[in-house]
>>> print(open('run-v3.json').read())   # JSON, C-alpha atoms (C1' of nucleotides)
[["chain", "number", "residue", "atom", "x", "y", "z"],
["Q", 5, "MET", "CA", 117.04, 94.51, 116.87],
["Q", 6, "LYS", "CA", 113.55, 96.02, 116.92],
["Q", 7, "ILE", "CA", 110.72, 94.00, 115.37],
["Q", 8, "VAL", "CA", 107.21, 95.43, 114.99],
["Q", 9, "THR", "CA", 103.81, 94.22, 113.75],
["Q", 10, "TRP", "CA", 101.09, 96.68, 112.67],
["Q", 11, "ASN", "CA", 97.71, 96.28, 111.02],
["Q", 12, "VAL", "CA", 97.62, 99.59, 109.10],
["Q", 13, "ASN", "CA", 94.11, 99.26, 107.60],
["Q", 14, "SER", "CA", 95.15, 100.38, 104.10],
["Q", 15, "LEU", "CA", 98.75, 101.29, 103.38],
["Q", 16, "LYS", "CA", 97.48, 103.84, 100.88],
["Q", 17, "ALA", "CA", 95.40, 105.69, 103.49],
["Q", 18, "ARG", "CA", 98.18, 105.30, 106.08],
["Q", 19, "HIS", "CA", 101.19, 106.23, 103.94],
["Q", 20, "ASP", "CA", 102.13, 109.26, 106.09],
["Q", 21, "TYR", "CA", 101.57, 107.36, 109.34],
["Q", 22, "VAL", "CA", 103.90, 104.59, 108.25],
["Q", 23, "GLU", "CA", 106.44, 107.17, 107.12],
["Q", 24, "GLY", "CA", 106.24, 108.83, 110.54],
["Q", 25, "TYR", "CA", 106.61, 105.48, 112.26],
["Q", 26, "LEU", "CA", 109.66, 104.47, 110.23],
["Q", 27, "ASP", "CA", 111.37, 107.80, 110.98],
["Q", 28, "THR", "CA", 110.59, 107.93, 114.72],
["Q", 29, "ALA", "CA", 110.50, 104.30, 115.86],
["Q", 30, "LYS", "CA", 113.11, 103.14, 113.32],
["Q", 31, "PRO", "CA", 112.21, 99.43, 113.47],
["Q", 32, "ASP", "CA", 114.69, 96.94, 112.01],
["Q", 33, "VAL", "CA", 111.77, 94.79, 110.85],
["Q", 34, "LEU", "CA", 108.26, 96.12, 110.22],
["Q", 35, "CYS", "CA", 105.51, 93.60, 109.43],
["Q", 36, "LEU", "CA", 102.28, 95.11, 108.09],
["Q", 37, "GLN", "CA", 98.80, 93.69, 107.58],
["Q", 38, "GLU", "CA", 95.71, 94.88, 105.70],
["Q", 39, "LEU", "CA", 97.64, 96.67, 102.95],
["Q", 40, "LYS", "CA", 94.49, 96.65, 100.79],
["Q", 41, "LEU", "CA", 96.85, 97.03, 97.82],
["Q", 42, "GLN", "CA", 98.02, 94.78, 95.04],
["Q", 43, "THR", "CA", 101.71, 93.91, 95.25],
["Q", 44, "ASP", "CA", 102.66, 96.21, 92.36],
["Q", 45, "ALA", "CA", 100.66, 99.10, 93.91],
["Q", 46, "VAL", "CA", 102.72, 99.11, 97.12],
["Q", 47, "PRO", "CA", 104.75, 102.36, 97.42],
["Q", 48, "ARG", "CA", 108.14, 100.63, 97.50],
["Q", 49, "GLU", "CA", 110.08, 103.92, 97.68],
["Q", 50, "LEU", "CA", 108.57, 104.63, 101.12],
["Q", 51, "PHE", "CA", 110.62, 101.69, 102.41],
["Q", 52, "GLU", "CA", 113.50, 101.39, 99.95],
["Q", 53, "SER", "CA", 114.51, 105.05, 100.30],
["Q", 54, "ARG", "CA", 115.09, 104.29, 104.00],
["Q", 55, "GLY", "CA", 117.17, 101.20, 103.32],
["Q", 56, "TYR", "CA", 114.50, 98.51, 103.80],
["Q", 57, "HIS", "CA", 114.18, 95.32, 101.77],
["Q", 58, "LEU", "CA", 110.66, 94.09, 101.03],
["Q", 59, "ALA", "CA", 108.67, 90.87, 100.89],
["Q", 60, "ILE", "CA", 105.14, 91.64, 99.69],
["Q", 61, "HIS", "CA", 102.02, 89.50, 99.32],
["Q", 62, "GLY", "CA", 99.42, 92.03, 98.25],
["Q", 63, "GLN", "CA", 95.76, 91.89, 97.34],
["Q", 64, "LYS", "CA", 93.38, 94.43, 95.89],
["Q", 65, "GLN", "CA", 90.73, 95.86, 98.23],
["Q", 66, "TRP", "CA", 91.20, 93.52, 101.19],
["Q", 67, "ASN", "CA", 93.96, 91.75, 103.12],
["Q", 68, "GLY", "CA", 97.58, 91.98, 101.96],
["Q", 69, "VAL", "CA", 100.74, 91.53, 104.08],
["Q", 70, "LEU", "CA", 104.28, 92.86, 103.86],
["Q", 71, "ILE", "CA", 107.64, 92.49, 105.62],
["Q", 72, "ALA", "CA", 110.09, 95.40, 105.49],
["Q", 73, "SER", "CA", 113.57, 94.68, 106.82],
["Q", 74, "LYS", "CA", 116.87, 96.56, 107.12],
["Q", 75, "SER", "CA", 118.68, 93.24, 106.62],
["Q", 76, "PRO", "CA", 118.11, 91.25, 103.42],
["Q", 77, "LEU", "CA", 115.09, 88.92, 103.28],
["Q", 78, "THR", "CA", 115.59, 85.39, 102.02],
["Q", 79, "ASP", "CA", 113.41, 82.33, 101.39],
["Q", 80, "VAL", "CA", 110.24, 84.38, 100.92],
["Q", 81, "VAL", "CA", 107.00, 82.36, 101.02],
["Q", 82, "CYS", "CA", 103.56, 83.76, 100.19],
["Q", 83, "GLY", "CA", 100.25, 82.17, 101.17],
["Q", 84, "LEU", "CA", 99.04, 79.44, 103.53],
["Q", 85, "PRO", "CA", 98.44, 76.16, 101.66],
["Q", 86, "GLY", "CA", 94.93, 74.84, 102.25],
["Q", 87, "GLY", "CA", 94.08, 77.67, 104.63],
["Q", 88, "ASP", "CA", 93.79, 81.11, 103.06],
["Q", 89, "GLU", "CA", 91.45, 80.22, 100.17],
["Q", 90, "GLY", "CA", 93.45, 82.51, 97.87],
["Q", 91, "GLU", "CA", 93.37, 85.52, 100.18],
["Q", 92, "SER", "CA", 96.72, 87.21, 100.95],
["Q", 93, "ARG", "CA", 97.12, 86.55, 104.67],
["Q", 94, "LEU", "CA", 100.62, 85.09, 105.12],
["Q", 95, "VAL", "CA", 104.10, 86.14, 104.08],
["Q", 96, "ALA", "CA", 107.21, 84.56, 105.57],
["Q", 97, "ALA", "CA", 110.91, 85.33, 105.20],
["Q", 98, "THR", "CA", 114.23, 84.75, 106.93],
["Q", 99, "VAL", "CA", 116.00, 87.78, 108.44],
["Q", 100, "ASP", "CA", 119.39, 87.50, 110.17],
["Q", 101, "GLY", "CA", 118.80, 83.78, 110.69],
["Q", 102, "ILE", "CA", 115.32, 84.25, 112.16],
["Q", 103, "ARG", "CA", 112.29, 82.83, 110.35],
["Q", 104, "ILE", "CA", 109.53, 85.48, 110.47],
["Q", 105, "VAL", "CA", 105.90, 84.63, 109.68],
["Q", 106, "ASP", "CA", 103.66, 87.68, 109.17],
["Q", 107, "LEU", "CA", 99.95, 86.83, 109.52],
["Q", 108, "TYR", "CA", 96.61, 88.49, 109.00],
["Q", 109, "CYS", "CA", 94.21, 85.89, 110.37],
["Q", 110, "PRO", "CA", 90.50, 85.99, 109.48],
["Q", 111, "GLN", "CA", 88.27, 87.96, 111.84],
["Q", 112, "GLY", "CA", 85.34, 85.55, 111.96],
["Q", 113, "GLN", "CA", 82.37, 87.95, 112.11],
["Q", 114, "THR", "CA", 79.86, 85.98, 114.21],
["Q", 115, "GLU", "CA", 79.82, 82.50, 115.72],
["Q", 116, "ASP", "CA", 77.21, 81.25, 113.21],
["Q", 117, "SER", "CA", 78.90, 82.89, 110.21],
["Q", 118, "PRO", "CA", 80.70, 81.04, 107.36],
["Q", 119, "LYS", "CA", 83.53, 83.48, 108.13],
["Q", 120, "PHE", "CA", 83.97, 81.81, 111.51],
["Q", 121, "VAL", "CA", 84.20, 78.38, 109.85],
["Q", 122, "PHE", "CA", 86.84, 79.88, 107.53],
["Q", 123, "LYS", "CA", 88.71, 81.27, 110.52],
["Q", 124, "LEU", "CA", 88.85, 77.90, 112.29],
["Q", 125, "ARG", "CA", 89.93, 76.19, 109.05],
["Q", 126, "PHE", "CA", 92.64, 78.84, 108.62],
["Q", 127, "TYR", "CA", 93.93, 78.12, 112.13],
["Q", 128, "ALA", "CA", 93.87, 74.37, 111.53],
["Q", 129, "ALA", "CA", 95.90, 74.86, 108.34],
["Q", 130, "LEU", "CA", 98.29, 77.20, 110.15],
["Q", 131, "GLN", "CA", 98.79, 74.61, 112.88],
["Q", 132, "SER", "CA", 99.57, 71.91, 110.27],
["Q", 133, "TRP", "CA", 101.89, 74.20, 108.31],
["Q", 134, "LEU", "CA", 103.82, 75.20, 111.42],
["Q", 135, "ALA", "CA", 103.96, 71.61, 112.68],
["Q", 136, "GLU", "CA", 105.56, 70.68, 109.37],
["Q", 137, "HIS", "CA", 108.07, 73.55, 109.13],
["Q", 138, "LEU", "CA", 108.74, 74.95, 112.60],
["Q", 139, "ASP", "CA", 111.47, 73.50, 114.78],
["Q", 140, "PRO", "CA", 111.01, 74.82, 118.34],
["Q", 141, "ALA", "CA", 114.79, 74.67, 118.81],
["Q", 142, "SER", "CA", 115.39, 77.09, 115.91],
["Q", 143, "PRO", "CA", 114.64, 80.84, 115.93],
["Q", 144, "TRP", "CA", 111.11, 81.60, 114.71],
["Q", 145, "ILE", "CA", 108.79, 84.55, 115.14],
["Q", 146, "VAL", "CA", 105.08, 84.19, 114.35],
["Q", 147, "LEU", "CA", 103.40, 87.59, 114.53],
["Q", 148, "GLY", "CA", 100.62, 89.73, 113.18],
["Q", 149, "ASP", "CA", 96.93, 90.44, 113.56],
["Q", 150, "LEU", "CA", 95.96, 87.02, 114.89],
["Q", 151, "ASN", "CA", 92.40, 88.21, 115.64],
["Q", 152, "ILE", "CA", 92.37, 86.30, 118.94],
["Q", 153, "ALA", "CA", 92.29, 87.83, 122.41],
["Q", 154, "PRO", "CA", 93.82, 84.96, 124.42],
["Q", 155, "ASN", "CA", 92.97, 86.02, 127.97],
["Q", 156, "GLU", "CA", 90.15, 87.68, 129.88],
["Q", 157, "ASP", "CA", 92.21, 90.83, 130.41],
["Q", 158, "ASP", "CA", 92.79, 91.07, 126.66],
["Q", 159, "VAL", "CA", 89.20, 92.22, 126.03],
["Q", 160, "TRP", "CA", 87.57, 95.31, 127.48],
["Q", 161, "SER", "CA", 84.47, 93.30, 128.45],
["Q", 162, "PRO", "CA", 84.78, 89.49, 128.69],
["Q", 163, "GLU", "CA", 81.02, 89.35, 129.40],
["Q", 164, "ALA", "CA", 80.16, 91.16, 126.17],
["Q", 165, "PHE", "CA", 82.48, 88.88, 124.17],
["Q", 166, "GLU", "CA", 81.36, 85.53, 125.55],
["Q", 167, "ASN", "CA", 81.25, 83.09, 122.61],
["Q", 168, "VAL", "CA", 81.98, 85.95, 120.20],
["Q", 169, "PRO", "CA", 84.73, 85.56, 117.56],
["Q", 170, "THR", "CA", 88.07, 87.03, 118.69],
["Q", 171, "PHE", "CA", 87.26, 85.76, 122.20],
["Q", 172, "HIS", "CA", 85.71, 82.34, 121.53],
["Q", 173, "PRO", "CA", 86.55, 79.02, 123.28],
["Q", 174, "LYS", "CA", 87.35, 77.39, 119.92],
["Q", 175, "GLU", "CA", 89.83, 80.16, 119.19],
["Q", 176, "HIS", "CA", 91.37, 79.75, 122.62],
["Q", 177, "GLU", "CA", 91.87, 76.07, 121.76],
["Q", 178, "ALA", "CA", 93.57, 77.10, 118.50],
["Q", 179, "TRP", "CA", 95.78, 79.50, 120.47],
["Q", 180, "ALA", "CA", 96.73, 76.73, 122.89],
["Q", 181, "ARG", "CA", 97.66, 74.45, 119.97],
["Q", 182, "LEU", "CA", 99.97, 77.15, 118.58],
["Q", 183, "CYS", "CA", 101.63, 77.49, 121.97],
["Q", 184, "ALA", "CA", 101.99, 73.70, 122.18],
["Q", 185, "LEU", "CA", 104.19, 73.84, 119.06],
["Q", 186, "GLY", "CA", 106.77, 75.73, 121.11],
["Q", 187, "LEU", "CA", 105.58, 79.33, 120.65],
["Q", 188, "VAL", "CA", 105.26, 81.82, 123.49],
["Q", 189, "ASP", "CA", 103.75, 85.33, 123.72],
["Q", 190, "VAL", "CA", 106.68, 87.63, 124.56],
["Q", 191, "VAL", "CA", 104.75, 90.90, 124.65],
["Q", 192, "ARG", "CA", 102.30, 90.13, 127.44],
["Q", 193, "PRO", "CA", 104.94, 89.77, 130.22],
["Q", 194, "HIS", "CA", 106.02, 93.37, 129.51],
["Q", 195, "LEU", "CA", 102.49, 94.82, 129.85],
["Q", 196, "THR", "CA", 102.45, 95.02, 133.62],
["Q", 197, "THR", "CA", 99.85, 97.65, 134.45],
["Q", 198, "GLY", "CA", 96.42, 98.69, 133.26],
["Q", 199, "ARG", "CA", 94.46, 97.39, 130.32],
["Q", 200, "HIS", "CA", 96.76, 97.15, 127.31],
["Q", 201, "PHE", "CA", 95.01, 96.73, 123.99],
["Q", 202, "SER", "CA", 96.26, 96.76, 120.40],
["Q", 203, "PHE", "CA", 92.92, 97.30, 118.63],
["Q", 204, "TRP", "CA", 90.03, 99.67, 119.23],
["Q", 205, "ASP", "CA", 86.93, 99.65, 117.01],
["Q", 206, "TYR", "CA", 86.34, 102.90, 115.13],
["Q", 207, "ARG", "CA", 82.74, 102.81, 116.34],
["Q", 208, "GLY", "CA", 81.38, 104.15, 119.56],
["Q", 209, "ALA", "CA", 84.44, 106.23, 120.53],
["Q", 210, "ALA", "CA", 86.02, 102.96, 121.66],
["Q", 211, "PHE", "CA", 89.54, 104.38, 121.79],
["Q", 212, "ARG", "CA", 88.48, 107.32, 123.95],
["Q", 213, "PHE", "CA", 86.93, 104.89, 126.47],
["Q", 214, "ASN", "CA", 89.78, 102.36, 126.08],
["Q", 215, "GLN", "CA", 87.28, 99.73, 124.98],
["Q", 216, "GLY", "CA", 89.73, 97.62, 123.02],
["Q", 217, "MET", "CA", 91.17, 94.16, 122.54],
["Q", 218, "ARG", "CA", 94.69, 92.72, 122.43],
["Q", 219, "ILE", "CA", 94.61, 90.73, 119.21],
["Q", 220, "ASP", "CA", 97.97, 91.67, 117.64],
["Q", 221, "HIS", "CA", 100.69, 89.36, 118.91],
["Q", 222, "ILE", "CA", 104.31, 88.31, 118.71],
["Q", 223, "LEU", "CA", 104.91, 84.61, 119.40],
["Q", 224, "VAL", "CA", 108.44, 83.20, 119.38],
["Q", 225, "THR", "CA", 110.39, 80.00, 119.90],
["Q", 226, "GLU", "CA", 112.78, 79.58, 122.83],
["Q", 227, "PRO", "CA", 115.98, 80.72, 121.05],
["Q", 228, "VAL", "CA", 114.27, 84.05, 120.29],
["Q", 229, "ARG", "CA", 112.59, 84.30, 123.69],
["Q", 230, "ALA", "CA", 116.01, 84.16, 125.34],
["Q", 231, "ARG", "CA", 117.00, 87.30, 123.39],
["Q", 232, "VAL", "CA", 113.89, 89.41, 124.14],
["Q", 233, "ARG", "CA", 114.78, 92.54, 126.14],
["Q", 234, "SER", "CA", 111.44, 94.36, 125.97],
["Q", 235, "GLY", "CA", 107.95, 94.35, 124.49],
["Q", 236, "TRP", "CA", 105.43, 97.18, 124.04],
["Q", 237, "ILE", "CA", 102.38, 98.61, 122.28],
["Q", 238, "ASP", "CA", 102.80, 102.00, 120.53],
["Q", 239, "ARG", "CA", 99.43, 103.32, 121.69],
["Q", 240, "ASP", "CA", 100.13, 106.88, 120.49],
["Q", 241, "PHE", "CA", 99.96, 105.71, 116.86],
["Q", 242, "ARG", "CA", 96.26, 104.90, 117.36],
["Q", 243, "LYS", "CA", 95.67, 108.65, 117.85],
["Q", 244, "LYS", "CA", 94.91, 111.15, 115.11],
["Q", 245, "ARG", "CA", 97.95, 112.95, 113.70],
["Q", 246, "ASP", "CA", 97.75, 116.29, 111.88],
["Q", 247, "GLY", "CA", 94.02, 115.78, 111.39],
["Q", 248, "SER", "CA", 94.43, 112.46, 109.54],
["Q", 249, "LYS", "CA", 92.80, 109.29, 110.81],
["Q", 250, "ALA", "CA", 94.71, 106.49, 112.48],
["Q", 251, "SER", "CA", 94.45, 102.77, 111.83],
["Q", 252, "ASP", "CA", 92.15, 100.97, 114.27],
["Q", 253, "HIS", "CA", 95.26, 99.00, 115.39],
["Q", 254, "ALA", "CA", 98.41, 100.19, 117.17],
["Q", 255, "PRO", "CA", 101.91, 98.87, 116.38],
["Q", 256, "VAL", "CA", 103.18, 96.10, 118.70],
["Q", 257, "GLY", "CA", 106.90, 95.54, 119.07],
["Q", 258, "ILE", "CA", 109.77, 93.70, 120.73],
["Q", 259, "GLU", "CA", 113.46, 94.44, 121.12],
["Q", 260, "LEU", "CA", 115.95, 91.58, 120.72],
["Q", 261, "GLU", "CA", 119.45, 91.51, 122.15],
["C", 6, "DA", "C1'", 66.76, 101.52, 118.26],
["C", 7, "DT", "C1'", 70.67, 94.96, 115.54],
["C", 8, "DG", "C1'", 72.98, 101.06, 116.30],
["C", 9, "DG", "C1'", 78.26, 103.08, 115.75],
["C", 10, "DT", "C1'", 82.96, 104.37, 111.89],
["C", 11, "DA", "C1'", 86.38, 103.67, 108.42],
["C", 12, "DG", "C1'", 88.19, 101.93, 103.78],
["C", 13, "DC", "C1'", 87.40, 100.48, 99.20],
["C", 14, "DA", "C1'", 85.00, 101.95, 95.53],
["C", 15, "DC", "C1'", 80.70, 104.02, 94.37],
["C", 16, "DG", "C1'", 76.57, 99.76, 96.40],
["C", 17, "DG", "C1'", 77.57, 96.95, 99.84],
["C", 18, "DC", "C1'", 80.85, 94.28, 102.08],
["C", 19, "DT", "C1'", 84.36, 93.75, 105.70],
["C", 20, "DA", "C1'", 86.21, 94.77, 109.96]]
>>> encode(input="run-v3.json", output="structure tokens")
Amino acid sequence: MKIVTWNVNSLKARHDYVEGYLDTAKPDVLCLQELKLQTDAVPRELFESRGYHLAIHGQKQWNGVLIASKSPLTDVVCGLPGGDEGESRLVAATVDGIRIVDLYCPQGQTEDSPKFVFKLRFYAALQSWLAEHLDPASPWIVLGDLNIAPNEDDVWSPEAFENVPTFHPKEHEAWARLCALGLVDVVRPHLTTGRHFSFWDYRGAAFRFNQGMRIDHILVTEPVRARVRSGWIDRDFRKKRDGSKASDHAPVGIELE
DNA sequence: ATGGTAGCACGGCTA
């Protein structure tokens, strides 16, 4: 069972990329972020013609999340109570007995920005919501663009990102609180060599210089962790294809037994 | 040099 998370930076602009990904990678579950489309504007046929079921929490212009799954999706929940301030940043569903939470967490802009306050509030609400619903002894997957680089080797320059959102001590505390609920990063152990990032800014030829960050993650509870056979980042999908532009994020995936 | 690029939507915000 192959499960993938991908911030596509507009599903409309990335329609052909997603199509190419579905047909080559053939994920069983594909969780997308930054659809930048209302729910009824999502091109359902792109997924349904390939046998996927959909759970969509869309939004015009910004945000928007979606779960596509070969197996039926049940108990769909949209939105994070008390945390998302009406923005579409969380969709959850159960697939083959696994609870999957697809997240697009706020980016935070700068340390002194109201956006950073929003980000920390979002994480506090996420922590409360998970503490209420998640049982660490049951199979859960919390994934998506979490907009946090948890370790020094998850940013291309820890010096440049000191006290900067996405690599801020307060975010590292939020990350630690998530892990304390019984969640563990199952991708990182499979990235054994080099600097492995999932996001590269469009500016400054960052991808060419591999000046990126690892901010897209897959966290799981123990029953899922025991089934993980591999984890990876599909770096090639950050490259241009047939002259069309890529998302600034690459897909991140795991394979379950 | 407070830059650079992309997407949405057509001026300016967000990332």
>>> atom_distance(input="run-v3.json", atom1="CA of Ser161 (chain Q)", atom2="CA of Leu187 (chain Q)")
26.5 Å
>>> interface_residues(input="run-v3.json", of="chain Q", to="chain C", cutoff="7 Å", atoms="all atoms listed in the file", output="ChimeraX atom specification")
/Q:65,206-208
>>> residues_around(input="run-v3.json", residues="region 239-250 of chain Q", least_positions_apart="6", cutoff="12 Å", atoms="all atoms listed in the file", output="ChimeraX atom specification")
/Q:10-15,17-26,28-29,199-206,209-212,214,216,218,256-257 /C:10-12
>>> closest_residue(input="run-v3.json", among="Q:Ala72, Q:His57, Q:Trp236, Q:Trp66", to="Thr197 (chain Q)", atoms="all atoms listed in the file")
Q:Trp236
>>> atom_distance(input="run-v3.json", atom1="CA of Glu177 (chain Q)", atom2="CA of Ser92 (chain Q)")
24.1 Å
>>> atom_distance(input="run-v3.json", atom1="CA of Ile60 (chain Q)", atom2="CA of Val46 (chain Q)")
8.3 Å
>>> closest_residue(input="run-v3.json", among="Q:Ala135, Q:Val146, Q:Ala184, Q:Leu39", to="Ile222 (chain Q)", atoms="all atoms listed in the file")
Q:Val146
>>> closest_residue(input="run-v3.json", among="Q:Leu195, Q:Leu185, Q:Gln42, Q:Val81", to="Glu136 (chain Q)", atoms="all atoms listed in the file")
Q:Leu185
>>> residues_around(input="run-v3.json", residues="Gly83 (chain Q)", least_positions_apart="6", cutoff="10 Å", atoms="only C-alpha atoms (C1' of nucleotides)", output="ChimeraX atom specification")
/Q:61,69,89-96,107
>>> closest_residue(input="run-v3.json", among="Q:Leu84, Q:Ile152, Q:Ile102, Q:Val224", to="Arg125 (chain Q)", atoms="only C-alpha atoms")
Q:Leu84
>>> residues_near_point(input="run-v3.json", point="(110.3, 83.8, 118.2)", cutoff="10 Å", atoms="only C-alpha atoms (C1' of nucleotides)", output="list in words")
Ile102, Arg103, Ile104, Val105, Pro140, Ser142, Pro143, Trp144, Ile145, Val146, Leu147, Gly186, Leu187, Val188, Asp189, Val190, Ile222, Leu223, Val224, Thr225, Glu226, Pro227, Val228, Arg229, Ala230, Arg231, Val232 and Leu260 of chain Q
>>> residues_around(input="run-v3.json", residues="Ser73 (chain Q)", least_positions_apart="5", cutoff="8 Å", atoms="all atoms listed in the file", output="PyMOL selection string")
chain Q and resi 32-34+56-58+99
>>> axis_aligned_box(input="run-v3.json", around="region 128-142 of chain Q", padding_each_side="3 Å", output="AutoDock Vina command-line options")
--center_x 104.6 --center_y 73.9 --center_z 113.6 --size_x 27.5 --size_y 12.5 --size_z 16.5
>>> build_atoms(input="run-v3.json", residues="region 221-236 of chain Q", atoms="N, CA and C atoms", output="PDB file, in the coordinates of the input")
ATOM      1  N   HIS Q 221      99.790  90.121 118.034  1.00  0.00           N
ATOM      2  CA  HIS Q 221     100.690  89.360 118.910  1.00  0.00           C
ATOM      3  C   HIS Q 221     102.039  89.068 118.273  1.00  0.00           C
ATOM      4  N   ILE Q 222     103.000  88.777 119.150  1.00  0.00           N
ATOM      5  CA  ILE Q 222     104.310  88.310 118.710  1.00  0.00           C
ATOM      6  C   ILE Q 222     104.636  87.044 119.504  1.00  0.00           C
ATOM      7  N   LEU Q 223     104.599  85.908 118.801  1.00  0.00           N
ATOM      8  CA  LEU Q 223     104.910  84.610 119.400  1.00  0.00           C
ATOM      9  C   LEU Q 223     106.268  84.160 118.888  1.00  0.00           C
ATOM     10  N   VAL Q 224     107.080  83.584 119.778  1.00  0.00           N
ATOM     11  CA  VAL Q 224     108.440  83.200 119.380  1.00  0.00           C
ATOM     12  C   VAL Q 224     108.819  81.850 119.972  1.00  0.00           C
ATOM     13  N   THR Q 225     109.824  81.229 119.347  1.00  0.00           N
ATOM     14  CA  THR Q 225     110.390  80.000 119.900  1.00  0.00           C
ATOM     15  C   THR Q 225     111.446  80.350 120.947  1.00  0.00           C
ATOM     16  N   GLU Q 226     111.876  79.357 121.690  1.00  0.00           N
ATOM     17  CA  GLU Q 226     112.780  79.580 122.830  1.00  0.00           C
ATOM     18  C   GLU Q 226     114.076  80.330 122.472  1.00  0.00           C
ATOM     19  N   PRO Q 227     114.737  79.985 121.354  1.00  0.00           N
ATOM     20  CA  PRO Q 227     115.980  80.720 121.050  1.00  0.00           C
ATOM     21  C   PRO Q 227     115.762  82.218 120.877  1.00  0.00           C
ATOM     22  N   VAL Q 228     114.587  82.615 120.417  1.00  0.00           N
ATOM     23  CA  VAL Q 228     114.270  84.050 120.290  1.00  0.00           C
ATOM     24  C   VAL Q 228     113.862  84.603 121.652  1.00  0.00           C
ATOM     25  N   ARG Q 229     113.043  83.844 122.380  1.00  0.00           N
ATOM     26  CA  ARG Q 229     112.590  84.300 123.690  1.00  0.00           C
ATOM     27  C   ARG Q 229     113.759  84.675 124.597  1.00  0.00           C
ATOM     28  N   ALA Q 230     114.830  83.898 124.501  1.00  0.00           N
ATOM     29  CA  ALA Q 230     116.010  84.160 125.340  1.00  0.00           C
ATOM     30  C   ALA Q 230     116.676  85.489 125.007  1.00  0.00           C
ATOM     31  N   ARG Q 231     116.380  86.032 123.823  1.00  0.00           N
ATOM     32  CA  ARG Q 231     117.000  87.300 123.390  1.00  0.00           C
ATOM     33  C   ARG Q 231     116.099  88.512 123.594  1.00  0.00           C
ATOM     34  N   VAL Q 232     114.844  88.299 124.028  1.00  0.00           N
ATOM     35  CA  VAL Q 232     113.890  89.410 124.140  1.00  0.00           C
ATOM     36  C   VAL Q 232     114.247  90.290 125.335  1.00  0.00           C
ATOM     37  N   ARG Q 233     114.452  91.589 125.071  1.00  0.00           N
ATOM     38  CA  ARG Q 233     114.780  92.540 126.140  1.00  0.00           C
ATOM     39  C   ARG Q 233     113.566  93.367 126.552  1.00  0.00           C
ATOM     40  N   SER Q 234     112.643  93.606 125.622  1.00  0.00           N
ATOM     41  CA  SER Q 234     111.440  94.360 125.970  1.00  0.00           C
ATOM     42  C   SER Q 234     110.325  94.093 124.969  1.00  0.00           C
ATOM     43  N   GLY Q 235     109.117  94.466 125.359  1.00  0.00           N
ATOM     44  CA  GLY Q 235     107.950  94.350 124.490  1.00  0.00           C
ATOM     45  C   GLY Q 235     107.010  95.504 124.809  1.00  0.00           C
ATOM     46  N   TRP Q 236     106.260  95.992 123.814  1.00  0.00           N
ATOM     47  CA  TRP Q 236     105.430  97.180 124.040  1.00  0.00           C
ATOM     48  C   TRP Q 236     104.344  97.301 122.976  1.00  0.00           C
TER      49      TRP Q 236
END
